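Here's the structure we're looking at; comments come further down.
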There are 2 protein chains.
Amino acid sequence: LEESWSFLDTVESNFRPLVVIELAKGTKEETIEWLTKRIVDKKANGGAQLLIKPLVTENGVENIYLVGASHIRLLLGAETVGLVKECSDNSMRTFTYSSRKTFKHFADDNHNFLTMAECQYIIKHELENLRAKDEKMIPGYPQAKLYPGKSIVRRLLTSGILVQIFPLHDREELKKLSHSWYGRVKVGYQPLDDIRCYFGETIALYFGFLEYFTFALVPMAVIGIPYYVFAWEDYDKYVMFATFNLLWSTVILEVWKRICAILTYRWGTLLMKRQFEEPRPGFHGVLGINPVTGREEPVYSSIKRQLRIYLVSLPFVCLCLYFSLYVMMIYFDLEQWALDYHRENESNFSSLMLYVPSIIYAIVIEIMNRIYRYAAEFLTSWENHRLESSYQNHLILKVLVFNFLNCFASLFYIAFVLFDMKLLRQSLATLLITSQILNQFAESLLPYWLQKRYNKRMKKRMCSKKTDMDLSLAEQVNMEKEMGTYLGTFDDYLELFLQFGYVSLFSCVYPLAAVFAVLNNITEIYSDALKMCRVYKRPFAEPTANIGVWQLAFETMSVISVVTNCILIGMSPQVDALFPDSKMDLVLTVALIEHLLLAIKFIMAFVIPDKPRDIQMKLAKLEFESLEALKQQVKAFQMQL
Amino acid sequence: LEESWSFLDTVESNFRPLVVIELAKGTKEETIEWLTKRIVDKKANGGAQLLIKPLVTENGVENIYLVGASHIRLLLGAETVGLVKECSDNSMRTFTYSSRKTFKHFADDNHNFLTMAECQYIIKHELENLRAKDEKMIPGYPQAKLYPGKSIVRRLLTSGILVQIFPLHDREELKKLSHSWYGRVKVGYQPLDDIRCYFGETIALYFGFLEYFTFALVPMAVIGIPYYVFAWEDYDKYVMFATFNLLWSTVILEVWKRICAILTYRWGTLLMKRQFEEPRPGFHGVLGINPVTGREEPVYSSIKRQLRIYLVSLPFVCLCLYFSLYVMMIYFDLEQWALDYHRENESNFSSLMLYVPSIIYAIVIEIMNRIYRYAAEFLTSWENHRLESSYQNHLILKVLVFNFLNCFASLFYIAFVLFDMKLLRQSLATLLITSQILNQFAESLLPYWLQKRYNKRMKKRMCSKKTDMDLSLAEQVNMEKEMGTYLGTFDDYLELFLQFGYVSLFSCVYPLAAVFAVLNNITEIYSDALKMCRVYKRPFAEPTANIGVWQLAFETMSVISVVTNCILIGMSPQVDALFPDSKMDLVLTVALIEHLLLAIKFIMAFVIPDKPRDIQMKLAKLEFESLEALKQQVKAFQMQL
């Protein structure tokens with residue numbers, strides 16, 4: 001072991017750059033010196049024991065540093081973050097350095113045992129956990145205060161000395177991945193395991209969900225097509241379609257949990273222990289003692305936060321909702337105006353004009369959603385949540401409520417106030433298709449085009465005609481540091497959530513919605529893949545075991561859709577005709593069916609196990625083993641007595 | 001430590017009998033010899049290392065044995081079962097022998113550190129985990145097969161050699177407890193902590209729930225009284241009462257979770273790790289390898305079990321439900337007959353006769369419930385579930401569905417088919433009051449009276465006039481072994497569940513139900529306490545962190561009650577009169593209000609945290625500490641390298 005320890009200490013041997021640190025221009029020498037010393041310092045001295053090298057370009061040193069780590073350091077880091085890897089006997093176990101030989105594909109000279117994304121995650125974790133000892137401030141910046149235990153990197157980020165930290169792309173791997181992912185037109189699954197190896201579990205799970213969701217929509221789309229082709233208007237057919245939809249949406253959400261468990265078990269994140277959550281970077285407060293950790297850190301009164309939430313955020317959200325409804329009423333005025341115009345002029349142009357208000361409204365909705373998003377982010381960060389997860393939950397709640405109302409209020413109004421099914425179908429189609437086109441354009445194609453133009457300019461400036469593969473490390477880093485930052489899967493899930501709403505809430509009125517959703521999702525897979533591989537900086541991998549709050553959001557939507565579909569069916573003239581004598585009977589029947597459907601939904605959700613049987617068995621086996629190990633420990637101790 | 005170890009080995013010193021083992025009359029000598037040897041044998045030799053002594057009475061040795069353990073053995077056992085105790089710094093921690101000095105009230109000579117119930121639980125656990133080594137059968141009984149790892153005690157029980165194992169009462173403690181519990185008429189809380197110390201967490205939690213539920217019903221009862229006193233029939237008042245009831249029932253169920261967390265945190269069971277579940281005693285199958293444990297044990301195909309459930313149990317339950325409905329229709333015929341009789345004769349006797357069918361029906365319901373209960377137990381054990389928890393869940397589901405229908409079908413029929421609110425009120429009152437009286441009688445008073453009579457006879461036979469306190473150990477054991485066995489909290493919870501149904505399902509028709517429920521529960525506390533202390537053998541303590549599946553059952557009942565109350569209110573003539581023009585509007589309004597109430601219920605259940613903030617903090621602190629400890633371990637290991 002002596003030998004490996006000395007290997008860990010040699011800074012230069014076999015340096016592989018993994019993570020880039022960009023410091024602000026003009027950062028003081030003493031700060032840089034202190035930071036690099038802390039990063040390379042031994043663990044025993046409170047350092048991170050990583051390797052760091054300045055990036056040397058033609059223009060000399062540019063305050064950009066490359067961080068790497070020795071192989072053994074990474075293995076020890078894997079133990080610290082609690083990575084779960086596959087053993088030789090095909091079971092998944094938490095990696096420990098001492099049991100390393102029992103893991104599949106482990107060899108002391110196999111530097112691919114940990115994927116590059118895992119290595120980068122470990123380095124990020126180690127950097128973030130580099131904590132101040134007795135420093136009172138960052139050397140050279142007296143205004144950037146430190147206290148014992150404060151994460152140095154987070155303070156550097158908030159005080160603007162550290163511009164960004166990002167993991168490097170691996171050009172070769174990326175080329176391979178993008179080829180098998182979106183490079184050729186093929187029918188087949190995405191290479192989810194490769195995506196996970198390159199981008200981490202959160203992003204792989206998003207693409208897994210996107211793919212699963214697309215497949216799950218196919219039956220709906222297939223059943224929906226004949227309604228359009230044969231112009232079916234029989235109501236019993238619509239009822240059948242809606243009933244199928246409602247039960248199907250419950251089934252797909254339950255089955256997703258099982259598939260998610262299979263994926264995350266294979267990736268090891270299902271078994272990974274949750275790490276203790278540190279305060280989020282933006283959190284501020286007066287220095288106090290955290291009652292949980294007993295450490296000195298900023299504390300912020302929970303009552304103050306509650307006041308901010310209920311006295312400022314809540315009224316603001318309500319105001320925005322009101323504004324959104326106001327805009328909706330303007331849309332209906334416009335719609336009326338277009339209708340009047342069409343009646344007066346009866347021309348091709350005027351019939352085209354009929355679609356204009358919907359299209360304008362769809363664009364306005366998208367714009368409002370985006371503006372509101374910024375406001376919600378500002379407000380939520382002003383609420384000063386201590387944990388990133390709590391911040392995310394409050395942000396998601398705010399955004400979901402507004403987006404739901406903004407997107408669907410007009411449809412609810414048309415359906416349940418105006419009772420105009422024809423207009424509902426038309427609005428639904430226009431909203432769905434316009435928002436899909438806008439999204440694809442704004443999310444992927446526009447950034448891709450901008451990025452491409454920028455890259456061309458960059459290359460021209462560098463006066464080289466090299467392809468991406470031939471770029472030197474310095475050129476690669478310079479190119480990547482200018483790329484946009486991927487802000488997480490929030491927007492992607494939100495888009496799917498709204499799409500699910502369009503498909504399920506009014507499914508019995510517009511069966512073709514599922515067809516458009518499927519078509520959109522197929523291109524979405526490609527454009528999102530393109531976005532991940534070419535437009536944005538590589539994101540840090542984030543281990544995750546499920547899609548979190550989105551599962552709940554989708555399930556809630558599916559419950560709401562039972563109610564809306566039952567009402568829509570009850571309101572239709574055809575069903576109306578079935579109860580010629582008593583409208584009462586009609587309403588009571590509809591209410592009864594609705595309650596039955598809801599009951600079936602809940603029973604199904606309860607009966608279908610969240611994890612497949614073999615995963616349950618494997619988890620039980622692991623739990624049994626750990627209990628047995630504990631017992632053996634107790635027994636051994638008792639024997640010693 | 002040498003000294004304490006030798007203390008552990010001395011069988012006779014300071015022997016305190018804790019648990020009684022009764023063997024069948026005429027059990028062979030070699031079997032007894034083998035069993036006692038295995039029980040006293042050292043852990044290292046695969047024994048239980050407990051102390052055992054035959055009970056010597058006037059008639060000589062009677063195949064009754066007393067089991068105890070040395071103090072240090074019990075402490076080591078406490079570590080094995082994972083007991084959680086309070087530390088000197090008021091935090092709750094898993095007890096380990098090596099850290100024993102850090103626990104509150106611990107002293108090497110303080111033999112009260114573990115409660116008697118805990119000691120008995122430990123002994124039960126150790127006895128059940130006494131496993132066969134290389135024995136192929138129980139010595140002397142070739143038909144009682146053993147295989148390595150099989151629990152010896154369970155095989156002895158199933159082959160009838162072991163009649164029963166039960167923990168001894170502590171006469172002195174019991175007297176103290178019963179005095180403070182039900183001995184004097186007083187207003188105040190039950191001594192839950194003392195109950196827990198004596199009977200364990202499951203029973204204490206039942207009494208805690210019973211008390212909490214009674215208090216929670218008081219506001220309903222108080223609001224309900226004026227409806228009776230002033231004979232209010234204004235509908236707006238009934239609507240207010242029902243709305244209050246619906247929201248209140250959600251609140252009380254959510255608040256119970258918090259109170260439950262407070263109680264079980266204090267008792268340590270909230271933190272206690274779940275033990276690995278062994279197959280239940282009745283489970284049988286062919287010998288195979290358990291895929292989870294890798295041990296040889298009986299396995300039974302899951303498909304066979306599913307077939308038994310779906311092809312036999314399910315049809316049988318449906319048949320019983322049909323039979324129950326059939327009996328209900330007979331009841332309505334009787335009711336009609338009584339009404340006709342009253343119309344013809346118009347006498348005092350005939351008006352009394354009006355109540356007779358309801359009373360008969362209530363009695364029949366109780367009888368059917370009890371018969372069905374046996375059938376359900378037989379069927380569920382025939383389904384051959386491997387785990388006790390799975391057996392319990394299937395049994396509870398069967399019994400709940402049947403009891404729900406059996407008790408409430410007639411009320412639903414009266415309310416929603418006959419639309420007869422007067423009859424509904426009358427039936428509800430009769431059913432509720434009759435079932436309460438029957439229950440109290442059958443559950444507690446009858447067994448108490450029988451037990452008392454038996455005790456008297458016993459004492460007479462023993463020709464002594466001693467009080468309970470002066471009985472010799474042999475007399476005490478002989479008395480207790482003849483007492484009935486308490487079969488768990490199932491029936492007690494079921495009674496509360498049905499009561500909750502009577503109170504909440506039709507609360508807007510009969511506000512007085514809550515009053516009767518409160519009165520019943522107050523006497524129920526006393527009669528159940530009497531039952532626990534005087535009628536039944538002391539039960540083994542069972543650690544538990546919550547009331548399990550009953551929480552779900554109560555919550556489901558509270559959701560159903562929203563639906564029934566909304567319909568009842570909608571059907572009332574007074575509400576009807578508010579919508580003179582359109583019955584449609586009435587139904588739609590009621591449906592809207594119902595959906596709103598359900599939405600509010602779910603949001604409330606989601607928003608109210610299941611654990612109070614300080615418990616959350618304490619749990620977070622413990623989790624943080626264990627994560628830190630793990631990190632320190634990794635760090636220490638890395639430093640060693």
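Going through the structure tokens in order, the chains are called A, B, and so on, while each chain numbers its residues from 1 and the ligands are numbered from 1 in the order shown.
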
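Residues lying within 8 Å of A:Leu192, counting only C-alpha atoms and ignoring same-chain neighbours fewer than 6 positions away, are Ala204, Phe207 and Gly208 of chain A.
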
Contact residues around stretch 618-629 of chain A with only C-alpha atoms at 8 Å, ignoring same-chain residues under 6 positions, as a compact mmCIF listing (two decimals) with N, CA and C atoms, in the first residue's frame:
```
# COMPACT_ATOMS: atom_id res chain seq x y z
N SER A 91 -24.46 -8.64 -7.88
CA SER A 91 -25.27 -7.84 -6.96
C SER A 91 -24.71 -6.43 -6.91
N GLN B 275 -36.73 -5.51 12.09
CA GLN B 275 -35.99 -6.77 12.08
C GLN B 275 -36.37 -7.55 10.83
N PHE B 276 -35.51 -8.45 10.42
CA PHE B 276 -35.85 -9.30 9.29
C PHE B 276 -36.97 -10.24 9.71
N PRO B 291 -34.50 -17.54 -1.70
CA PRO B 291 -33.59 -16.74 -2.53
C PRO B 291 -33.05 -15.51 -1.80
N VAL B 292 -33.75 -15.02 -0.79
CA VAL B 292 -33.28 -13.83 -0.09
C VAL B 292 -32.20 -14.18 0.92
N THR B 293 -32.49 -15.18 1.77
CA THR B 293 -31.55 -15.48 2.83
C THR B 293 -30.50 -16.50 2.40
```

Check your understanding: Can you list, as an NGL selection string, every protein, DNA or RNA residue that comes within 6 Å of stretch 385-388 of chain A when you count only C-alpha atoms, leaving out same-chain residues fewer than 2 positions away?
Key -> :A and (279-280 or 283 or 383 or 390-391)

**Study point:** DSSP-assigned alpha helix (DSSP H) members of stretch 264-354 of chain A, reported as a PyMOL selection string
**Key:** chain A and resi 264-267+302-307+314-345+348-353

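For the residues B:Phe554, B:Tyr355, B:Tyr322, B:Phe166, ranking by smallest atom-to-atom distance to B:Leu127 using only C-alpha atoms places B:Phe166 first.
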
Review point. So what do you get for atom CA of B:Glu201 versus atom CA of B:Lys43, distance-wise?
Key: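 One can read the atom CA of B:Glu201 to atom CA of B:Lys43 distance as 28.3 Å.
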
Practice item. Name the residues in contact with A:Leu51 at a cut-off of 6 Å, using only C-alpha atoms, excluding same-chain residues fewer than 3 positions from it; report them as number ranges by chain. Key: A: 11, 40, 67-69

Next, dump the selected residues to file, keeping only N, CA and C atoms, as a PDB file, in the first residue's frame.
```pdb
ATOM      1  N   VAL A  11       2.100  14.615  -8.237  1.00  0.00           N
ATOM      2  CA  VAL A  11       1.109  15.502  -8.843  1.00  0.00           C
ATOM      3  C   VAL A  11       1.053  15.320 -10.354  1.00  0.00           C
ATOM      4  N   VAL A  40      -4.649  20.992  -3.445  1.00  0.00           N
ATOM      5  CA  VAL A  40      -3.702  19.876  -3.526  1.00  0.00           C
ATOM      6  C   VAL A  40      -3.295  19.354  -2.163  1.00  0.00           C
ATOM      7  N   VAL A  67      -8.552  20.544 -13.138  1.00  0.00           N
ATOM      8  CA  VAL A  67      -8.470  19.747 -11.932  1.00  0.00           C
ATOM      9  C   VAL A  67      -8.594  18.271 -12.307  1.00  0.00           C
ATOM     10  N   GLY A  68      -7.751  17.464 -11.702  1.00  0.00           N
ATOM     11  CA  GLY A  68      -7.816  16.019 -11.896  1.00  0.00           C
ATOM     12  C   GLY A  68      -7.554  15.351 -10.563  1.00  0.00           C
ATOM     13  N   ALA A  69      -7.390  14.047 -10.602  1.00  0.00           N
ATOM     14  CA  ALA A  69      -7.078  13.337  -9.370  1.00  0.00           C
ATOM     15  C   ALA A  69      -6.430  12.020  -9.736  1.00  0.00           C
TER      16      ALA A  69
END
```

Point to revise | Spatial neighbours of B:Ser572, max dist 10 Å, only C-alpha atoms, sep filter under 4 positions, as a list in words | key: Tyr235, Phe419, Met421, Val509, Ile567, Leu568, Asp576 and Ala577 of chain B

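Here atom CA of A:Met137 stands at a distance of 27.6 Å from atom CA of A:Ser302.
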
**Study point:** Selection: 10 Å around B:Leu592, only C-alpha atoms, excl. self and same-chain fewer than 6 positions, as a ChimeraX atom specification
**Key:** /B:566,586,598

File of the preceding selection, N, CA and C atoms, as a PDB file, in the first residue's frame:
```pdb
ATOM      1  N   CYS B 566     -72.169  14.612   1.362  1.00  0.00           N
ATOM      2  CA  CYS B 566     -72.562  15.547   0.316  1.00  0.00           C
ATOM      3  C   CYS B 566     -73.861  15.084  -0.344  1.00  0.00           C
ATOM      4  N   LEU B 586     -78.823  22.074  -8.579  1.00  0.00           N
ATOM      5  CA  LEU B 586     -78.611  21.487  -7.261  1.00  0.00           C
ATOM      6  C   LEU B 586     -77.536  20.406  -7.320  1.00  0.00           C
ATOM      7  N   LEU B 598     -63.068  17.261  -1.225  1.00  0.00           N
ATOM      8  CA  LEU B 598     -62.062  16.207  -1.412  1.00  0.00           C
ATOM      9  C   LEU B 598     -60.694  16.822  -1.702  1.00  0.00           C
TER      10      LEU B 598
END
```

Exercise for review: Report the distance between atom CA of A:Val286 and atom CA of A:Lys136 in Å, rounded to one decimal place.
Suggested key: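 We find that atom CA of A:Val286 and atom CA of A:Lys136 lie 15.4 Å from each other.
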
Review point. Leaving out B:Thr564 and any residue of its chain fewer than 4 positions from it, which residues lie within 9 Å of it when counting only C-alpha atoms, given as a list in words?
Key: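 Counting only C-alpha atoms, the residues come to Phe412, Leu505, Phe506, Ile560, Leu568 and Ile569 of chain B.
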
Exercise for review: Can you check which residues of stretch 22-196 of chain B DSSP gives as strand (DSSP E or B) on the backbone and send them as a PyMOL selection string?
Suggested key: chain B and resi 22-23+51-57+60-68+84-87+92-94+103+131+137-138+141-145+151+162-167
